[in-house]
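Structure file upload11.txt (compact mmCIF, C-alpha atoms and all ligand atoms) follows.
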# COMPACT_ATOMS: atom_id res chain seq x y z
CA MET K 1 0.00 0.00 0.00
CA GLU K 2 1.42 3.34 -1.09
CA THR K 3 0.26 6.37 0.80
CA VAL K 4 1.99 9.27 -0.97
CA GLU K 5 -0.66 11.59 -2.39
CA ASN K 6 -0.49 14.01 -5.35
CA THR K 7 1.51 11.59 -7.50
CA SER K 8 -0.80 12.38 -10.36
CA ALA K 9 0.56 9.82 -12.82
CA GLU K 10 -0.10 7.07 -10.31
CA LEU K 11 -3.50 8.47 -9.52
CA LEU K 12 -4.41 8.56 -13.21
CA ALA K 13 -3.24 4.97 -13.63
CA PHE K 14 -5.28 3.97 -10.59
CA GLU K 15 -8.41 5.65 -11.93
CA ALA K 16 -7.85 4.07 -15.33
CA ARG K 17 -7.75 0.66 -13.67
CA LEU K 18 -11.03 1.38 -11.88
CA ALA K 19 -12.59 2.56 -15.14
CA LYS K 20 -11.76 -0.85 -16.62
CA ASP K 21 -13.41 -2.50 -13.59
CA GLU K 22 -10.08 -3.92 -12.50
CA VAL K 23 -9.81 -5.18 -8.95
CA ILE K 24 -7.28 -3.48 -6.67
CA GLU K 25 -5.04 -5.71 -4.54
CA PRO K 26 -3.34 -4.75 -1.23
CA LYS K 27 0.15 -4.26 -2.66
CA ASP K 28 -1.05 -2.15 -5.62
CA TRP K 29 -0.71 1.62 -5.55
CA MET K 30 -3.82 3.32 -4.17
CA PRO K 31 -4.68 6.83 -2.97
CA ALA K 32 -4.34 7.23 0.79
CA ASP K 33 -8.01 8.20 1.08
CA TYR K 34 -9.11 5.08 -0.78
CA ALA K 35 -7.23 2.94 1.75
CA LYS K 36 -8.57 5.00 4.64
CA THR K 37 -12.17 4.74 3.47
CA LEU K 38 -11.83 1.00 2.96
CA LEU K 39 -10.23 0.47 6.33
CA ARG K 40 -13.05 2.36 8.03
CA GLN K 41 -15.76 0.53 6.12
CA ILE K 42 -14.30 -2.99 6.37
CA SER K 43 -13.42 -2.73 10.06
CA GLN K 44 -16.89 -1.34 10.81
CA HIS K 45 -18.36 -4.23 8.85
CA ALA K 46 -16.20 -6.72 10.81
CA HIS K 47 -17.20 -5.20 14.16
CA SER K 48 -20.87 -5.41 13.10
CA GLU K 49 -20.61 -9.14 12.42
CA VAL K 50 -19.05 -9.77 15.81
CA ILE K 51 -21.28 -7.46 17.87
CA GLY K 52 -24.22 -8.89 15.91
CA MET K 53 -23.65 -12.23 17.65
CA GLN K 54 -24.89 -10.75 20.94
CA PRO K 55 -28.64 -10.17 20.38
CA GLU K 56 -28.97 -13.72 19.04
CA GLY K 57 -26.59 -15.22 21.59
CA ASN K 58 -29.09 -14.05 24.15
CA TRP K 59 -31.50 -16.74 22.90
CA VAL K 60 -29.27 -19.81 22.52
CA LEU K 61 -30.16 -21.15 25.96
CA ARG K 62 -33.84 -20.32 25.51
CA ALA K 63 -34.39 -21.69 22.01
CA PRO K 64 -37.73 -23.56 21.97
CA THR K 65 -36.41 -26.83 20.49
CA TYR K 66 -33.12 -28.65 20.05
CA ARG K 67 -33.43 -28.13 16.28
CA ALA K 68 -33.88 -24.37 16.75
CA LYS K 69 -30.90 -24.23 19.09
CA LYS K 70 -28.58 -26.04 16.66
CA ILE K 71 -29.63 -23.72 13.83
CA LEU K 72 -29.16 -20.60 15.94
CA LEU K 73 -25.72 -21.72 17.09
CA ALA K 74 -24.64 -22.45 13.52
CA LYS K 75 -25.83 -19.03 12.39
CA ILE K 76 -24.05 -17.23 15.21
CA GLN K 77 -20.88 -19.19 14.48
CA ASP K 78 -21.12 -18.06 10.84
CA GLU K 79 -21.33 -14.42 11.98
CA GLY K 80 -18.15 -14.89 14.01
CA GLY K 81 -16.52 -16.32 10.89
CA HIS K 82 -17.72 -13.35 8.83
CA GLY K 83 -16.07 -11.04 11.34
CA LEU K 84 -12.81 -12.96 10.94
CA TYR K 85 -12.90 -12.89 7.11
CA LEU K 86 -13.43 -9.15 7.27
CA TYR K 87 -10.73 -8.46 9.87
CA SER K 88 -8.33 -10.36 7.61
CA ALA K 89 -9.39 -8.25 4.62
CA ALA K 90 -8.88 -5.06 6.65
CA GLU K 91 -5.50 -6.25 7.90
CA THR K 92 -4.20 -6.34 4.33
CA LEU K 93 -4.40 -2.53 4.48
CA GLY K 94 -1.81 -2.45 7.22
CA MET K 95 -3.72 -2.20 10.49
CA ASP K 96 -3.59 -5.16 12.84
CA ARG K 97 -6.60 -6.69 14.51
CA ALA K 98 -5.63 -5.68 18.02
CA GLN K 99 -5.63 -2.04 16.88
CA MET K 100 -9.06 -2.41 15.30
CA ILE K 101 -10.48 -3.91 18.46
CA GLU K 102 -8.92 -1.13 20.48
CA GLN K 103 -10.63 1.42 18.23
CA LEU K 104 -13.93 -0.36 18.78
CA HIS K 105 -13.44 -0.32 22.54
CA GLN K 106 -12.55 3.37 22.49
CA GLY K 107 -15.64 4.19 20.46
CA LYS K 108 -13.50 5.42 17.54
CA ALA K 109 -14.78 2.66 15.27
CA LYS K 110 -18.49 2.03 14.88
CA TYR K 111 -20.60 -1.02 14.21
CA SER K 112 -24.06 -1.22 12.65
CA SER K 113 -26.66 0.52 14.85
CA ILE K 114 -29.12 -2.29 14.32
CA PHE K 115 -27.38 -4.36 16.99
CA ASN K 116 -28.17 -1.78 19.64
CA TYR K 117 -31.78 -2.97 19.63
CA PRO K 118 -32.72 -5.77 22.04
CA ALA K 119 -34.03 -9.23 21.04
CA LEU K 120 -37.04 -9.39 23.35
CA ASN K 121 -38.92 -12.53 22.38
CA TRP K 122 -38.37 -15.63 20.26
CA ALA K 123 -40.03 -13.98 17.26
CA ASP K 124 -37.25 -11.40 17.37
CA ILE K 125 -34.84 -14.16 16.36
CA GLY K 126 -37.08 -14.75 13.35
CA ALA K 127 -37.26 -11.04 12.56
CA ILE K 128 -33.49 -10.62 12.89
CA GLY K 129 -32.71 -13.46 10.47
CA TRP K 130 -35.40 -12.47 8.00
CA LEU K 131 -35.12 -8.67 8.11
CA VAL K 132 -31.66 -7.82 9.46
CA ASP K 133 -29.79 -10.54 7.60
CA GLY K 134 -32.11 -9.91 4.64
CA ALA K 135 -31.08 -6.26 4.52
CA ALA K 136 -27.43 -7.16 5.05
CA ILE K 137 -27.61 -9.63 2.15
CA VAL K 138 -28.91 -6.98 -0.28
CA ASN K 139 -26.00 -4.77 0.70
CA GLN K 140 -23.45 -7.58 0.63
CA VAL K 141 -24.53 -8.96 -2.73
CA SER K 142 -23.83 -5.51 -4.16
CA LEU K 143 -20.44 -5.41 -2.42
CA GLN K 144 -19.33 -8.64 -4.10
CA ARG K 145 -18.34 -6.29 -6.93
CA THR K 146 -16.49 -3.80 -4.74
CA SER K 147 -13.16 -2.69 -6.20
CA PHE K 148 -10.88 -3.96 -3.42
CA GLY K 149 -10.01 -7.65 -3.95
CA PRO K 150 -9.82 -8.96 -0.38
CA TYR K 151 -13.13 -7.23 0.51
CA ALA K 152 -14.88 -8.52 -2.62
CA ARG K 153 -13.68 -12.08 -2.03
CA ALA K 154 -14.78 -11.98 1.61
CA MET K 155 -18.21 -10.82 0.39
CA VAL K 156 -18.56 -13.73 -2.04
CA ARG K 157 -17.87 -16.20 0.75
CA ILE K 158 -20.16 -14.37 3.17
CA CYS K 159 -23.06 -14.20 0.71
CA MET K 160 -22.81 -17.94 0.14
CA GLU K 161 -23.20 -18.51 3.88
CA GLU K 162 -25.86 -15.86 4.44
CA SER K 163 -28.56 -17.49 2.38
CA PHE K 164 -29.53 -19.89 5.15
CA HIS K 165 -29.57 -17.07 7.73
CA GLN K 166 -32.48 -15.31 6.11
CA ARG K 167 -34.39 -18.52 5.45
CA GLN K 168 -34.11 -19.76 9.01
CA GLY K 169 -35.42 -16.40 10.22
CA TYR K 170 -38.36 -16.45 7.82
CA GLU K 171 -39.13 -20.03 8.83
CA ILE K 172 -39.48 -18.92 12.46
CA MET K 173 -41.87 -16.15 11.36
CA VAL K 174 -43.90 -18.59 9.23
CA ARG K 175 -44.21 -21.03 12.13
CA MET K 176 -45.30 -18.34 14.55
CA MET K 177 -47.84 -16.91 12.12
CA ARG K 178 -49.29 -20.41 11.75
CA GLY K 179 -49.47 -20.75 15.54
CA ASN K 180 -52.01 -19.43 18.02
CA ALA K 181 -53.18 -15.83 18.45
CA GLU K 182 -50.54 -15.09 21.02
CA GLN K 183 -47.74 -16.35 18.77
CA ARG K 184 -49.07 -14.30 15.86
CA GLN K 185 -49.11 -11.29 18.14
CA MET K 186 -45.46 -11.92 19.10
CA ALA K 187 -44.47 -12.15 15.43
CA GLN K 188 -46.28 -8.91 14.57
CA ASP K 189 -44.71 -7.19 17.56
CA ALA K 190 -41.25 -8.22 16.40
CA MET K 191 -42.08 -7.03 12.87
CA ASN K 192 -43.22 -3.67 14.26
CA ARG K 193 -39.98 -3.17 16.15
CA TRP K 194 -37.51 -4.42 13.51
CA TRP K 195 -38.97 -3.13 10.24
CA TRP K 196 -37.84 0.49 10.49
CA PRO K 197 -34.41 -0.19 12.01
CA ALA K 198 -33.82 -2.70 9.17
CA LEU K 199 -34.59 0.04 6.62
CA MET K 200 -32.19 2.37 8.42
CA MET K 201 -29.39 -0.18 7.98
CA PHE K 202 -28.91 1.12 4.44
CA GLY K 203 -27.86 4.50 5.82
CA PRO K 204 -29.08 8.03 5.09
CA HIS K 205 -30.87 9.02 1.87
CA ASP K 206 -28.50 9.54 -1.06
CA LYS K 207 -28.99 13.29 -0.96
CA ASP K 208 -27.84 13.36 2.69
CA SER K 209 -25.03 10.83 2.46
CA ALA K 210 -21.64 12.50 2.68
CA HIS K 211 -19.48 9.53 1.70
CA THR K 212 -21.59 7.97 -1.02
CA GLN K 213 -20.37 9.95 -4.01
CA GLN K 214 -16.66 9.41 -3.49
CA SER K 215 -17.20 5.76 -2.58
CA MET K 216 -19.20 5.22 -5.76
CA LYS K 217 -16.50 6.92 -7.81
CA TRP K 218 -13.90 4.58 -6.36
CA LYS K 219 -16.28 1.65 -6.84
CA ILE K 220 -16.02 0.75 -3.17
CA LYS K 221 -19.78 1.14 -3.11
CA ARG K 222 -21.52 -0.12 -6.26
CA GLN K 223 -25.09 0.97 -5.60
CA SER K 224 -26.48 3.83 -3.56
CA ASN K 225 -28.23 3.56 -0.17
CA ASP K 226 -31.65 4.38 -1.62
CA VAL K 227 -31.36 1.93 -4.51
CA LEU K 228 -30.39 -0.90 -2.16
CA ARG K 229 -33.07 0.02 0.39
CA GLN K 230 -35.76 0.01 -2.30
CA ARG K 231 -34.59 -3.38 -3.52
CA PHE K 232 -34.96 -4.75 0.02
CA ILE K 233 -38.42 -3.18 0.45
CA ASP K 234 -39.74 -4.65 -2.79
CA LYS K 235 -38.36 -8.09 -2.02
CA THR K 236 -39.54 -8.21 1.57
CA ILE K 237 -43.04 -6.73 1.71
CA PRO K 238 -44.63 -9.55 -0.36
CA GLN K 239 -42.97 -12.06 2.03
CA ALA K 240 -44.59 -10.25 4.97
CA HIS K 241 -48.01 -10.18 3.34
CA PHE K 242 -47.74 -13.83 2.35
CA ILE K 243 -47.77 -14.92 5.99
CA GLY K 244 -50.23 -12.25 7.13
CA LEU K 245 -47.82 -9.80 8.74
CA ASN K 246 -48.63 -6.10 8.52
CA VAL K 247 -45.95 -3.63 7.53
CA PRO K 248 -45.98 -0.97 10.29
CA ASP K 249 -46.18 1.96 7.88
CA PRO K 250 -49.51 3.85 7.57
CA ASP K 251 -48.19 5.72 4.50
CA LEU K 252 -47.13 2.62 2.57
CA LYS K 253 -48.31 2.74 -1.05
CA TYR K 254 -47.98 0.31 -3.90
CA ASP K 255 -47.02 1.82 -7.22
CA GLU K 256 -48.73 -0.44 -9.77
CA GLU K 257 -46.89 1.01 -12.71
CA ASN K 258 -43.38 0.47 -11.37
CA LYS K 259 -44.35 -2.62 -9.36
CA SER K 260 -42.70 -0.99 -6.39
CA TYR K 261 -43.59 0.09 -2.85
CA GLN K 262 -43.39 3.66 -1.57
CA ILE K 263 -42.67 3.88 2.13
CA GLY K 264 -43.45 6.72 4.53
CA GLU K 265 -40.87 8.96 6.18
CA ILE K 266 -38.03 7.26 8.02
CA ASN K 267 -37.47 8.56 11.55
CA TRP K 268 -33.90 9.80 11.12
CA ALA K 269 -33.89 11.44 14.54
CA GLU K 270 -34.09 7.96 16.07
CA PHE K 271 -31.30 6.77 13.76
CA GLN K 272 -29.06 9.62 14.92
CA GLN K 273 -29.86 8.91 18.58
CA VAL K 274 -28.85 5.26 18.26
CA ILE K 275 -25.68 6.13 16.34
CA CYS K 276 -24.76 8.63 19.03
CA GLY K 277 -24.88 5.95 21.68
CA ASN K 278 -28.40 6.41 23.02
CA GLY K 279 -29.92 3.19 21.69
CA PHE K 280 -31.30 0.56 24.06
CA CYS K 281 -28.20 -1.60 24.15
CA ASN K 282 -25.19 0.50 23.11
CA HIS K 283 -23.60 0.28 26.52
CA ALA K 284 -24.38 -3.39 27.05
CA ARG K 285 -22.98 -4.44 23.67
CA LEU K 286 -19.67 -2.68 24.08
CA SER K 287 -19.10 -3.54 27.72
CA HIS K 288 -19.87 -7.20 26.99
CA HIS K 289 -17.33 -7.21 24.16
CA LYS K 290 -14.69 -5.64 26.41
CA LYS K 291 -15.38 -8.11 29.18
CA VAL K 292 -15.11 -11.16 26.94
CA HIS K 293 -11.98 -9.80 25.31
CA ARG K 294 -10.40 -9.30 28.73
CA GLU K 295 -11.43 -12.75 29.89
CA GLY K 296 -9.86 -14.30 26.81
CA GLU K 297 -6.50 -12.74 27.45
CA TRP K 298 -5.04 -15.80 29.18
CA VAL K 299 -5.96 -17.94 26.16
CA ARG K 300 -4.01 -15.64 23.85
CA GLN K 301 -1.11 -15.58 26.27
CA ALA K 302 -1.13 -19.36 26.59
CA ALA K 303 -1.12 -19.79 22.82
CA ALA K 304 1.81 -17.41 22.46
CA ALA K 305 3.73 -19.12 25.27
CA PHE K 306 3.07 -22.52 23.70
CA SER K 307 4.49 -21.44 20.36
CA VAL K 308 7.64 -20.03 22.04
CA LYS K 309 8.08 -23.33 23.84
CA GLN K 310 7.63 -25.31 20.61
CA LYS K 311 10.23 -23.20 18.85
CA GLN K 312 12.64 -23.67 21.75
CA LYS K 313 12.11 -27.43 21.63
CA GLN K 314 12.89 -27.51 17.91
CA GLN K 315 16.02 -25.45 18.45
CA ASP K 316 17.17 -27.73 21.25
CA LEU K 317 16.58 -30.72 19.03
CA ALA K 318 18.57 -29.14 16.20
CA THR K 319 21.45 -28.33 18.57
CA ALA K 320 21.43 -31.84 20.00
CA MET K 321 21.64 -33.36 16.53
CA ALA K 322 24.39 -31.02 15.35
CA MET N 1 4.95 -15.19 10.71
CA SER N 2 5.39 -11.60 11.76
CA GLU N 3 6.05 -11.35 15.49
CA ASN N 4 4.01 -8.74 17.23
CA LYS N 5 4.43 -6.62 20.31
CA ASN N 6 0.79 -7.00 21.26
CA ASP N 7 -1.09 -10.25 21.54
CA GLN N 8 -1.82 -10.67 17.85
CA LEU N 9 -0.87 -14.16 16.72
CA PRO N 10 1.12 -14.74 13.51
CA LEU N 11 -0.70 -14.63 10.16
CA TRP N 12 -1.12 -17.65 7.87
CA GLU N 13 -2.56 -18.01 4.38
CA VAL N 14 -5.17 -20.72 3.84
CA PHE N 15 -5.30 -22.84 0.66
CA ILE N 16 -8.09 -25.32 0.02
CA GLN N 17 -8.46 -28.23 -2.35
CA LYS N 18 -12.15 -28.64 -3.02
CA SER N 19 -12.18 -32.14 -4.39
CA ASN N 20 -9.85 -34.91 -5.47
CA GLY N 21 -7.65 -33.74 -8.33
CA ALA N 22 -8.73 -30.08 -8.13
CA PRO N 23 -6.17 -27.27 -7.86
CA ILE N 24 -5.34 -26.00 -4.38
CA LYS N 25 -6.68 -22.47 -4.19
CA HIS N 26 -6.17 -19.54 -1.86
CA ALA N 27 -9.18 -18.98 0.40
CA GLY N 28 -8.10 -16.30 2.87
CA SER N 29 -6.03 -15.97 6.01
CA ILE N 30 -6.15 -16.74 9.72
CA HIS N 31 -4.10 -16.06 12.84
CA ALA N 32 -2.55 -18.89 14.83
CA SER N 33 0.40 -19.46 17.14
CA ASP N 34 1.55 -22.77 15.68
CA LYS N 35 0.97 -25.25 12.85
CA GLU N 36 -1.66 -27.29 14.61
CA MET N 37 -3.69 -24.27 15.67
CA ALA N 38 -3.36 -22.91 12.15
CA LEU N 39 -4.89 -26.08 10.69
CA GLN N 40 -7.70 -26.18 13.23
CA ASN N 41 -8.56 -22.49 12.86
CA ALA N 42 -8.56 -22.78 9.08
CA ARG N 43 -10.90 -25.77 9.31
CA ASP N 44 -13.29 -23.96 11.64
CA ILE N 45 -13.29 -20.72 9.67
CA TYR N 46 -13.10 -21.83 6.04
CA THR N 47 -14.58 -25.34 5.85
CA ARG N 48 -17.73 -25.37 7.98
CA ARG N 49 -19.71 -26.72 5.01
CA ASN N 50 -17.31 -29.31 3.58
CA GLU N 51 -15.71 -26.75 1.29
CA GLY N 52 -12.60 -28.84 1.04
CA ARG N 53 -10.82 -32.15 1.49
CA LEU N 54 -7.31 -30.78 1.94
CA LEU N 55 -5.85 -27.67 3.58
CA TRP N 56 -2.48 -26.02 3.07
CA LEU N 57 -1.35 -23.45 5.61
CA VAL N 58 1.54 -21.15 4.76
CA PRO N 59 3.06 -18.48 7.03
CA SER N 60 2.12 -15.23 5.26
CA ASN N 61 5.61 -13.80 5.42
CA ALA N 62 6.96 -16.84 3.55
CA ILE N 63 5.07 -15.84 0.42
CA VAL N 64 7.00 -14.15 -2.37
CA ALA N 65 4.89 -12.16 -4.84
CA THR N 66 5.14 -9.93 -7.88
CA VAL N 67 3.62 -6.45 -7.82
CA ILE N 68 1.14 -5.12 -10.35
CA GLU N 69 3.29 -2.06 -11.18
CA ASP N 70 5.94 -4.44 -12.56
CA GLU N 71 3.42 -6.53 -14.44
CA ALA N 72 4.41 -5.34 -17.91
CA ASP N 73 8.17 -5.61 -17.39
CA PHE N 74 8.14 -8.84 -15.47
CA PHE N 75 5.97 -10.85 -17.82
CA ASP N 76 7.22 -9.38 -21.10
CA PRO N 77 9.38 -12.40 -22.06
CA ALA N 78 6.12 -14.04 -23.15
CA ASP N 79 4.93 -11.07 -25.17
CA ASP N 80 6.85 -11.76 -28.42
CA LYS N 81 6.36 -15.50 -28.62
CA PRO N 82 3.01 -16.03 -30.32
CA TYR N 83 4.41 -19.27 -31.81
CA ARG N 84 3.75 -20.87 -28.42
CA HIS N 85 0.03 -20.85 -29.25
CA PRO N 86 -1.62 -23.23 -31.72
CA SER N 87 -3.48 -20.32 -33.37
CA PHE N 88 -0.09 -19.10 -34.75
CA TYR N 89 0.05 -21.93 -37.27
CA GLU N 90 -1.63 -22.20 -40.60
CA VAL N 91 -3.39 -25.45 -41.36
CA PRO N 92 -4.45 -26.09 -44.97
CA GLU N 93 -8.19 -26.06 -45.61
CA GLY N 94 -9.67 -29.50 -45.36
CA VAL N 95 -7.16 -30.91 -42.88
CA THR N 96 -8.90 -32.13 -39.74
CA ASN N 97 -8.10 -33.68 -36.39
CA ILE N 98 -4.97 -31.57 -35.78
FE FE T 401 -22.92 -12.08 8.54
FE FE T 402 -25.94 -13.42 8.74
What do you get writing this file as structure tokens?
Amino acid sequence: METVENTSAELLAFEARLAKDEVIEPKDWMPADYAKTLLRQISQHAHSEVIGMQPEGNWVLRAPTYRAKKILLAKIQDEGGHGLYLYSAAETLGMDRAQMIEQLHQGKAKYSSIFNYPALNWADIGAIGWLVDGAAIVNQVSLQRTSFGPYARAMVRICMEESFHQRQGYEIMVRMMRGNAEQRQMAQDAMNRWWWPALMMFGPHDKDSAHTQQSMKWKIKRQSNDVLRQRFIDKTIPQAHFIGLNVPDPDLKYDEENKSYQIGEINWAEFQQVICGNGFCNHARLSHHKKVHREGEWVRQAAAAFSVKQKQKQQDLATAMA
Amino acid sequence: MSENKNDQLPLWEVFIQKSNGAPIKHAGSIHASDKEMALQNARDIYTRRNEGRLLWLVPSNAIVATVIEDEADFFDPADDKPYRHPSFYEVPEGVTNI
């Protein structure tokens, strides 16, 4: 990674490569801001995967059946893996993982606001898989064509794994909607609480999004927030209606001509509040991460000590044979 | 394996062979303190759905690579040798199976 700016010949060559839809690799020349933007976005994405394990982890011991528990565990394990793929991709830009985690702990790096909402009942696990993973998938499918190689390749792998996440969530919703009145009520309640936050996952409207234009120019982002959000809306609303769930939006309209839904106003004040740390679970999520990281310290130390010992043994063996 | 002042474990590159006879392809990287942990971490992170039947783990700092800026210069020995391709040769009309 080269970080010297204003080398215009290199910049022109870089832009020419992007124009040809070439993929940029870690050791290739890139503008410092390109690397900086990527590092911010990929590390934030990695933190989101890892913090995202918490709302669902809350239900592992309370899953209603053994089948449900196995599925939930497998999904959560995938999210941990996604975090690791993404940390690795970010590390190719020259920051190590310990630094990224430190930035998370200091509040300098963010994670997706969606994980600051609590998972209150079992239907929330359905709503998270169906809506939250569903929204993430729309975004991640688009990012499979991002211009930075390690990020794009991580996305391909992640998308392959994500497809079961959304289905298992929808299956929970289907089962609850086919259950008794109380179960249907729980499912609708979860829908009411997760629908709008899921739409906010795509970020501010294009006209209000500071980073979008530059990111699109560099092909880090391939489609705008509003385009991706609309794609999610049009895919998801028929799935809701199919099982009898109402979309909690009194202003929702269906545009027959464009075969597309028009939603009401998004409550951006709430979005800002959650981003600023005033969501339901901001404090809990971060302090839990810190605690677990601290508690795992002896494991990391033991692993490092073990490898020193192994190396010493090999050296001793070599000396003995010499 | 780059040693680190903090508790970050050394970096390894993961290569996977999908099926018998297939090429062994790069899949990503992991951190691990030793060979055994490297193999186990790679299994848990990259092959949770039987993505492979064989893993290769290579310390990242053992990899030697070309850089894209040198692409033209480095690979140019092949540029002026079209006669290495079958399309270079003329075959008379009507000749088949060659
Ligand atoms: Fe994920
Ligand atoms: Fe997921």
(request) Pick out the closest residue to Gly149 in chain K from this set: N:Gly94, N:Pro10, N:Gly52, N:Gly28. Count only C-alpha atoms. (result)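 Closest to Gly149 in chain K, using only C-alpha atoms: N:Gly28.
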(request) Identify all chain N residues at most 8 Å from chain K by counting all atoms listed in the file; ligands do not count. Present them as a list of chain:residue names. (result)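 Listed by rising number, the hits are N:Asn6, N:Asp7, N:Gln8, N:Leu9, N:Gly28, N:Ser29, N:Ile30, N:Ser33, N:Asp34, N:Ile45, N:Val67, N:Ile68, N:Glu69.
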(request) Just the residues within 9 Å of Arg229 in chain K, please, counting only C-alpha atoms, with nothing from its chain fewer than 6 positions along; format it as a list in words. (result)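 Using only C-alpha atoms, the neighbours found are Ala135, Val138, Asn139, Leu199, Met200, Met201, Phe202 and Gly203 of chain K.
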Write out as a tab-separated table a residue-level contact list of chain K versus ligand FE 402 (chain T) with cut-off 6 Å: for each qualifying residue the closest pair of atoms and the distance in Å to one decimal, counting all atoms listed in the file, rows sorted by chain and residue number upward.
residue	atom	partner	partner_atom	distance
K:Glu79	CA	T:FE402	FE	5.7
K:Asp133	CA	T:FE402	FE	4.9
K:Glu162	CA	T:FE402	FE	4.9
K:His165	CA	T:FE402	FE	5.2
(request) Select, from K:Asn246, K:Asn258, K:Gln44, K:Gln213, the residue with the minimum atom-to-atom distance to Asp234 in chain K, counting all atoms listed in the file. (result)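 Answer, going by the shortest atom-to-atom distance: K:Asn258.
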(message) As an exercise, work out the distance from CA of Arg49 in chain N to CA of Leu73 in chain K in Å and give it to one decimal place.
(response) 14.4 Å
(request) Would you mind telling me which residue in K:Gln312, K:Gln230, K:Ser147, K:Asn180 lies nearest to Ser215 in chain K when using all atoms listed in the file? (result) K:Ser147
Padding 8 Å on each side, edges along x, y and z: where is the centre of the box around the listed atoms of range 88-92 of chain N, and how long are its edges in Å to one decimal? Output it as lines of an AutoDock Vina configuration file.
center_x = -2.2
center_y = -22.6
center_z = -39.9
size_x = 20.5
size_y = 23.0
size_z = 26.2
(request) Excluding Ile24 in chain N and residues on its chain fewer than 4 positions from it, collect all residues at most 6 Å away from it, counting all atoms listed in the file, and give them as JSON, numbers by chain. (result) {"N": [15, 16, 17]}
Could you dump the residues just selected with C-alpha atoms as a PDB file, in the coordinates of the input?
ATOM      1  CA  PHE N  15      -5.300 -22.840   0.660  1.00  0.00           C
ATOM      2  CA  ILE N  16      -8.090 -25.320   0.020  1.00  0.00           C
ATOM      3  CA  GLN N  17      -8.460 -28.230  -2.350  1.00  0.00           C
TER       4      GLN N  17
END
